[in-house]
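Visitor: What follows is a structure written as structure tokens; I'll ask about it next.
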Amino acid sequence: MASSSGMSCFQCQGSSSKPGHFRNGWRLHSGQYAQLCPRCASVYEEGRFCETFHSNDDGWRDCESCGKLVHCGCIVSFNTHLLLDFGGIICMECSRFNFLLARNRCLSLEPEIRDGESYQEASGQAAVEAQYWSRVTDLELQQVSRNPKSTVTPLFEKILSASDADLKLARLIIPKRCAEAFFPDLSGLHGLHIKMQDTEGNEWEFHYRYWINGGSRIYVLEGLRDYMVSKQWQPGDTVTFYRVEPGEKVVMGLRKTSASPQLPRI
């Protein structure tokens, strides 16, 4: 802002008449940039502005993937996170990480995806997004099919985020299309108890329900703590769901990553 002595820092109000003393910060509603003194500009460029100056303000939320706190609703940090369709947020670092991970997996599996399109349609997986299609090996199918007369149908899979593997939450968000295509219909918010087997044949009981966010259903499996501890869930692992006939049993398997990708350092 202009003054008789020159310009003032948007944050600390320190003034200077030296040309080039101030640096651009975030974009204001007017379309111009907030002018910051070197000290405040350095804090902003290091990504510590809200942490330094807004730590006591409302609006802090944690990233659903890495748990990093983000000051949502603040003009300074509006471009540092994305809103998720199930109601949480994800920081841009994790968003880029997840995008690269999904892209690399798709590139490495592209021949199998092309060859398996007719299978995906036959099994019902065409009803869900391609990123959740099951890509299982013959060995994995053999582990699930404990009875030689049984038929195993892979349903879908999901790469575990940090929040999916959080023991305190002990729950797994089920992608909406996957839930509505392969899981029982829910008539109310209270949900229902659902039994599943692991690939060793052990039976587990979880609570399957949904909540409403922005007019859309968010489906979740809860009560997974013992299962998570038993299987040593880690972010980056892949959980896969199968249907076994006869009996329409649901089996949940876990594929450990051979080289577990590291989440971005914060």
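Please note that chains go A, B, ... in the order of the structure tokens, that every chain numbers its residues from 1, and that ligands are numbered from 1 in the order shown.
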When DSSP is applied to the backbone of this structure, which of stretch 206-238 of chain A are assigned alpha helix (DSSP H)? Write them out as a list of chain:residue names.

Guide: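 DSSP on the backbone gives alpha helix (DSSP H) at A:Arg225, A:Asp226, A:Tyr227, A:Met228, A:Val229, A:Ser230, A:Lys231.
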
Visitor: Show which residues sit within 6 Å of A:Asp237, as number ranges by chain. Count only C-alpha atoms, and ignore same-chain residues fewer than 3 positions away.

Guide: A: 159-160, 234, 255-257

Visitor: Could you pull the residues within 7 Å of A:Phe156, counting only C-alpha atoms, minus those fewer than 2 positions along the same chain, as an MDAnalysis selection string?

Guide: chainID A and resid 132:134 154 178 240:241

Visitor: Filtering to N, CA and C atoms, could you give me those residues as a short mmCIF file (atom, residue, chain, number, x, y, z; two decimals), in the first residue's frame?

Guide:
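Output saved as out.cif:
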data_model
loop_
_atom_site.label_atom_id
_atom_site.label_comp_id
_atom_site.auth_asym_id
_atom_site.auth_seq_id
_atom_site.Cartn_x
_atom_site.Cartn_y
_atom_site.Cartn_z
N TYR A 132 -9.51 -48.39 -9.68
CA TYR A 132 -9.90 -49.35 -8.66
C TYR A 132 -10.07 -50.76 -9.22
N TRP A 133 -9.81 -50.97 -10.50
CA TRP A 133 -9.92 -52.31 -11.05
C TRP A 133 -8.91 -53.23 -10.37
N SER A 134 -9.32 -54.47 -10.14
CA SER A 134 -8.42 -55.45 -9.53
C SER A 134 -7.42 -55.96 -10.56
N PRO A 154 -12.38 -61.30 -8.64
CA PRO A 154 -11.86 -60.05 -8.07
C PRO A 154 -12.85 -58.92 -8.29
N CYS A 178 -17.60 -48.42 -6.09
CA CYS A 178 -17.26 -49.79 -5.68
C CYS A 178 -18.25 -50.29 -4.63
N THR A 240 -7.43 -55.59 -1.59
CA THR A 240 -8.20 -56.13 -2.70
C THR A 240 -9.39 -56.92 -2.19
N PHE A 241 -10.54 -56.74 -2.81
CA PHE A 241 -11.76 -57.45 -2.43
C PHE A 241 -12.13 -58.46 -3.51
#

Visitor: Check the smallest atom-to-atom distance from each of A:Gly253, A:Gly59, A:Gly214, A:Gly47 to A:Lys231 using only C-alpha atoms, then report the winner.

Guide: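 Looking only at the distances to A:Lys231, the closest residue turns out to be A:Gly253.
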
Visitor: Find the spatial neighbours of A:Met92, counting only C-alpha atoms, within a cut-off of 10 Å - ignore same-chain residues fewer than 2 positions away - and output them as a list of chain:residue names.

Guide: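 Counting only the stated atoms, we get A:Cys63, A:Asn79, A:Thr80, A:His81, A:Leu82, A:Ile89, A:Ile90, A:Cys94, A:Ser95, A:Arg96, A:Phe97, A:Asn98.
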
Visitor: Those residues you just picked out, can you put them in a file as a short mmCIF file (atom, residue, chain, number, x, y, z; two decimals), in the first residue's frame with all heavy atoms?

Guide:
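And here is the file that came out, result.cif:
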data_model
loop_
_atom_site.label_atom_id
_atom_site.label_comp_id
_atom_site.auth_asym_id
_atom_site.auth_seq_id
_atom_site.Cartn_x
_atom_site.Cartn_y
_atom_site.Cartn_z
N CYS A 63 -4.38 -32.99 6.69
CA CYS A 63 -4.41 -33.70 5.41
C CYS A 63 -4.80 -35.15 5.65
O CYS A 63 -4.26 -35.81 6.56
CB CYS A 63 -3.03 -33.61 4.75
SG CYS A 63 -2.81 -34.69 3.33
N ASN A 79 -4.27 -22.34 -2.18
CA ASN A 79 -3.75 -23.17 -3.27
C ASN A 79 -2.82 -24.27 -2.77
O ASN A 79 -2.09 -24.89 -3.55
CB ASN A 79 -3.00 -22.30 -4.29
CG ASN A 79 -1.80 -21.60 -3.68
OD1 ASN A 79 -1.68 -21.51 -2.46
ND2 ASN A 79 -0.92 -21.10 -4.52
N THR A 80 -2.83 -24.53 -1.46
CA THR A 80 -1.93 -25.55 -0.91
C THR A 80 -2.63 -26.87 -0.65
O THR A 80 -2.01 -27.82 -0.17
CB THR A 80 -1.30 -25.06 0.41
OG1 THR A 80 -2.35 -24.85 1.38
CG2 THR A 80 -0.53 -23.77 0.20
N HIS A 81 -3.94 -26.96 -0.94
CA HIS A 81 -4.67 -28.19 -0.63
C HIS A 81 -5.84 -28.34 -1.59
O HIS A 81 -6.22 -27.40 -2.29
CB HIS A 81 -5.19 -28.15 0.81
CG HIS A 81 -6.17 -27.04 1.07
ND1 HIS A 81 -5.77 -25.74 1.29
CD2 HIS A 81 -7.52 -27.04 1.15
CE1 HIS A 81 -6.84 -24.98 1.49
NE2 HIS A 81 -7.91 -25.75 1.40
N LEU A 82 -6.40 -29.54 -1.61
CA LEU A 82 -7.58 -29.85 -2.42
C LEU A 82 -8.65 -30.45 -1.52
O LEU A 82 -8.33 -31.14 -0.55
CB LEU A 82 -7.24 -30.85 -3.53
CG LEU A 82 -6.24 -30.40 -4.61
CD1 LEU A 82 -5.91 -31.58 -5.51
CD2 LEU A 82 -6.79 -29.24 -5.42
N ILE A 89 -9.58 -33.07 3.31
CA ILE A 89 -8.68 -32.33 2.44
C ILE A 89 -7.42 -33.15 2.22
O ILE A 89 -7.11 -34.07 2.99
CB ILE A 89 -8.31 -30.96 3.03
CG1 ILE A 89 -7.49 -31.13 4.32
CG2 ILE A 89 -9.54 -30.11 3.28
CD1 ILE A 89 -6.72 -29.90 4.73
N ILE A 90 -6.69 -32.82 1.19
CA ILE A 90 -5.39 -33.43 0.96
C ILE A 90 -4.44 -32.32 0.52
O ILE A 90 -4.81 -31.45 -0.27
CB ILE A 90 -5.47 -34.55 -0.12
CG1 ILE A 90 -4.12 -35.26 -0.26
CG2 ILE A 90 -5.92 -34.00 -1.46
CD1 ILE A 90 -4.19 -36.51 -1.11
N CYS A 94 0.83 -34.43 -1.19
CA CYS A 94 0.26 -35.79 -1.24
C CYS A 94 -0.54 -35.99 -2.51
O CYS A 94 -0.57 -37.09 -3.06
CB CYS A 94 -0.61 -36.04 0.00
SG CYS A 94 0.33 -36.19 1.53
N SER A 95 -1.23 -34.94 -2.95
CA SER A 95 -2.02 -35.05 -4.18
C SER A 95 -1.11 -35.38 -5.36
O SER A 95 -1.42 -36.27 -6.17
CB SER A 95 -2.78 -33.75 -4.44
OG SER A 95 -3.49 -33.81 -5.66
N ARG A 96 0.01 -34.69 -5.46
CA ARG A 96 0.95 -34.95 -6.55
C ARG A 96 1.55 -36.36 -6.41
O ARG A 96 1.72 -37.07 -7.41
CB ARG A 96 2.07 -33.90 -6.56
CG ARG A 96 1.62 -32.54 -7.09
CD ARG A 96 2.81 -31.63 -7.33
NE ARG A 96 3.39 -31.19 -6.08
CZ ARG A 96 3.04 -30.07 -5.46
NH1 ARG A 96 2.12 -29.28 -6.00
NH2 ARG A 96 3.62 -29.71 -4.33
N PHE A 97 1.86 -36.75 -5.17
CA PHE A 97 2.41 -38.09 -4.92
C PHE A 97 1.43 -39.17 -5.37
O PHE A 97 1.80 -40.13 -6.06
CB PHE A 97 2.72 -38.24 -3.43
CG PHE A 97 3.03 -39.65 -3.01
CD1 PHE A 97 4.27 -40.20 -3.25
CD2 PHE A 97 2.07 -40.42 -2.38
CE1 PHE A 97 4.55 -41.51 -2.86
CE2 PHE A 97 2.33 -41.71 -1.98
CZ PHE A 97 3.58 -42.25 -2.23
N ASN A 98 0.16 -39.03 -4.99
CA ASN A 98 -0.85 -40.02 -5.36
C ASN A 98 -1.05 -40.07 -6.86
O ASN A 98 -1.26 -41.14 -7.44
CB ASN A 98 -2.17 -39.71 -4.66
CG ASN A 98 -2.10 -39.95 -3.17
OD1 ASN A 98 -1.20 -40.62 -2.68
ND2 ASN A 98 -3.05 -39.40 -2.43
#

Visitor: Need to verify the contact set: stretch 16-18 of chain A, 9 Å, only C-alpha atoms, exclusion of same-chain residues closer than 6 positions in sequence. Can you return it as a list of chain:residue names?

Guide: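 Listed by chain and then number, they are A:Ser5, A:Gly6, A:Met7, A:Ser8, A:Cys9, A:Cys37.
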
Visitor: Pull N, CA and C atoms from the residues just selected and write them as a PDB file, in the first residue's frame.

Guide:
ATOM      1  N   SER A   5       5.981   7.532   3.061  1.00  0.00           N
ATOM      2  CA  SER A   5       7.350   7.047   3.182  1.00  0.00           C
ATOM      3  C   SER A   5       7.667   5.954   2.179  1.00  0.00           C
ATOM      4  N   GLY A   6       6.728   5.617   1.307  1.00  0.00           N
ATOM      5  CA  GLY A   6       6.965   4.577   0.321  1.00  0.00           C
ATOM      6  C   GLY A   6       5.893   3.514   0.394  1.00  0.00           C
ATOM      7  N   MET A   7       6.276   2.260   0.701  1.00  0.00           N
ATOM      8  CA  MET A   7       5.355   1.135   0.781  1.00  0.00           C
ATOM      9  C   MET A   7       5.480   0.458   2.131  1.00  0.00           C
ATOM     10  N   SER A   8       4.438  -0.267   2.499  1.00  0.00           N
ATOM     11  CA  SER A   8       4.423  -0.990   3.767  1.00  0.00           C
ATOM     12  C   SER A   8       4.205  -2.469   3.506  1.00  0.00           C
ATOM     13  N   CYS A   9       4.819  -3.297   4.329  1.00  0.00           N
ATOM     14  CA  CYS A   9       4.649  -4.752   4.247  1.00  0.00           C
ATOM     15  C   CYS A   9       3.211  -5.115   4.598  1.00  0.00           C
ATOM     16  N   CYS A  37       7.796  -7.671   3.081  1.00  0.00           N
ATOM     17  CA  CYS A  37       9.193  -7.322   3.341  1.00  0.00           C
ATOM     18  C   CYS A  37      10.028  -8.597   3.251  1.00  0.00           C
TER      19      CYS A  37
END

Visitor: Please, which residues of stretch 6-236 of chain A, numbered as in this document, come out strand (DSSP E) from DSSP, as a ChimeraX atom specification?

Guide: /A:6-8,15-16,23-27,33-36,60-62,69-71,81-83,89-91,151-159,171-174,192-197,203-213,216-222

Visitor: Atom CA of A:Met196 to atom CA of A:Val251: how many Å, to one decimal?

Guide: 5.5 Å

Visitor: Pick out the residues sitting within 12 Å of A:His54, and hand them over as a list in words; count only C-alpha atoms, and ignore anything fewer than 3 positions along from it in its own chain.

Guide: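 Listed by chain and then number, they are Gln11, Tyr44, Arg48, Phe49, Cys50, Glu51, Asp57, Asp58, Gly59, Trp60, Val70, His71, Cys72, Gly73, Cys74, Ile75, Val76 and Ser77 of chain A.
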
Visitor: Quick one: of A:Ser187, A:Ser145, A:Ser163, A:Gly223, who's nearest to A:Lys249, counting only C-alpha atoms?

Guide: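 Of A:Ser187, A:Ser145, A:Ser163, A:Gly223, the one nearest A:Lys249, counting only C-alpha atoms, is A:Ser145.
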
Visitor: Measure the distance from atom CA of A:Leu139 to atom CA of A:Arg177 in Å and round it to one decimal.

Guide: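 Computing it gives 27.1 Å between the two atoms.
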
Visitor: Any idea what the distance is between atom CA of A:Arg23 and atom CA of A:Glu45?

Guide: 10.1 Å

Visitor: Go through A:Ser230, A:Leu224, A:Arg217, A:Val244 and flag the residue nearest A:Gln142, using only C-alpha atoms for the distances.

Guide: A:Val244
